[in-house]
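First the structure, in the form of structure tokens, and then the observations on it.
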Amino acid sequence: MKVHKCLILGVIFLILPQDSSAAKLHLSMPKGTSGVQLLSFGTSSVLDHMHENLDKQLKTLNAKYKIEQLKTDADKAKALEAQLFKKYKDEIASIKDSYISKISIKITSAKTEVSPESSTLGETAFSYTAKNSSDRIVGSIMYRPIVGDIVAPTPSMLTLEFIDSKTFKFGLAPGSVMKNVPDQLERFSFFIGELTTRELQFIKANINKSLWIDITDIRFLNKIDYKDQTRLMDVEEAFEPQLKPLLSLAQQAHRKAKIKEESYKKALNDYNQAKDKIIAQFKSASEDLKRASFRYSAQGVKNNRYRFKGVSPGRYIIYAYVGKDSAIFQPVEIKDTRQELTIQEIIKDPFLP
């Protein structure tokens with residue numbers, strides 16, 4: 001900052017206009033202009049030097065902390081993590097779809113009743129035959145009931161548990177078939193109000209021959225036994241050994257991504273602190289320059305017009321704040337006569353970093 005101050009004072013001293021006969025300058029300025037001043041002509045050169053020095057300091061800072069490279073590394077690590085977790089989830093979905101395709105449910109009979117006392121719910125009971133063509137014990141399935149192509153609007157996803165009606169043991173073994181008995185029909189409720197009159201009539205008339213179930217999820221068992229003696233597992237748990245290598249890769253990528261993200265955030269914080277210090281020094285030096293280079297202040301007239309009186313002929317910088325970090329910053333040569341200028345060009349305030 002001492003170098004800046006010496007440069008500021010030296011340049012301004014060399015280019016101060018010499019007193020001579022007083023001149024007048026009348027200006028027409030853009031709307032919103034305030035604080036119209038004449039600054040020493042050398043102010044522009046000093047500001048150019050200060051901005052060049054600021055750019056060099058910021059480039060050096062960038063090179064030191066390697067913010068862009070750290071950000072790129074963190075983003076790549078995060079993308080790899082997302083890719084591996086997606087691969088893991090996709091594998092779960094693939095296994096689930098594969099095993100769902102090996103469960104067949106045939107509806108053998110169905111009937112629907114709409115209670116006269118209730119205008120909101122319909123009740124359906126059905127019997128089925130289920131076959132498990134997979135190599136795993138299946139405990140239950142989640143499903144949507146559909147009549148023809150009309151999805152029955154149930155309060156929630158429905159679950160069909162495979163419990164033998166004779167032994168009361170839980171589980172549908174690989175290659176086996178299970179039927180429910182007439183006194184143990186499967187039941188579900190659906191909202192009438194979410195169906196059109198035509199849809200409701202279709203369901204009533206065709207449910208016995210057109211009901212089918214869309215299996216959306218599946219659960220497996222560790223063994224066939226009484227329900228409280230078994231462990232019900234989703235795909236992720238049932239196929240844990242098979243999925244573990246993919247999960248391990250994804251978790252490893254997560255840990256690496258976290259480390260890189262933390263490194264980037266720490267470097268960015270350190271960089272911003274150092275940058276703020278450099279910017280603060282620049283602002284302090286530019287304010288010193290603005291004060292040191294001040295020569296004359298304009299008097300406001302009206303309608304965005306300003307005038308200077310008693311100005312020594314010479315070269316100056318017309319400076320005025322316009323707002324939103326913008327300013328008038330225009331060189332002018334004042335002669336020993338009255339001059340009138342209209343200024344429209346607005347630029348970013350050069351006293352700002």
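Please note that chains go A, B, ... in the order of the structure tokens, that every chain numbers its residues from 1, and that ligands are numbered from 1 in the order shown.
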
Residues at most 12 Å from A:Gln229, counting only C-alpha atoms, excluding those fewer than 4 positions away in the same chain, as a ChimeraX atom specification?
/A:169-171,221-225

I need the chosen residues saved as a CSV table (one decimal), in the first residue's frame, with C-alpha atoms.
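result-v2.csv was written with the following content:
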```csv
chain,number,residue,atom,x,y,z
A,169,LYS,CA,-46.9,-71.6,7.5
A,170,PHE,CA,-45.5,-68.5,5.8
A,171,GLY,CA,-43.8,-68.7,2.4
A,221,LEU,CA,-38.0,-65.3,3.3
A,222,ASN,CA,-35.1,-67.1,4.9
A,223,LYS,CA,-37.2,-70.2,5.4
A,224,ILE,CA,-40.8,-71.5,5.3
A,225,ASP,CA,-42.1,-71.5,8.9
```

Would you kindly return, as a ChimeraX atom specification, each protein, DNA or RNA residue with an atom no farther than 6 Å from any atom of stretch 300-312 of chain A, considering only C-alpha atoms and excluding same-chain residues fewer than 3 positions away?
/A:19-20,22-29

So that I can see what lies close to stretch 64-78 of chain A, please list as a count of residues only the residues with an atom at most 12 Å from it, counting only C-alpha atoms and leaving out residues fewer than 6 positions away in the same chain.
30

Could you pull the residues within 9 Å of A:Ile279, counting only C-alpha atoms, minus those fewer than 5 positions along the same chain, as a PyMOL selection string?
chain A and resi 54+274+284+353

Distance atom CA of A:Pro30-atom CA of A:Ser326, one decimal place?
11.5 Å

For A:Ile103: contacts at 9 Å, only C-alpha atoms, fewer than 5 positions along chain excluded, given as a ChimeraX atom specification
/A:130-134,138,215

So, with only C-alpha atoms as the atoms that count, which of A:Ser127, A:Ser109, A:Phe282, A:Pro153 lies closest to A:Asp55?
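Going through A:Ser127, A:Ser109, A:Phe282, A:Pro153 one by one, the smallest distance to A:Asp55 is for A:Phe282.
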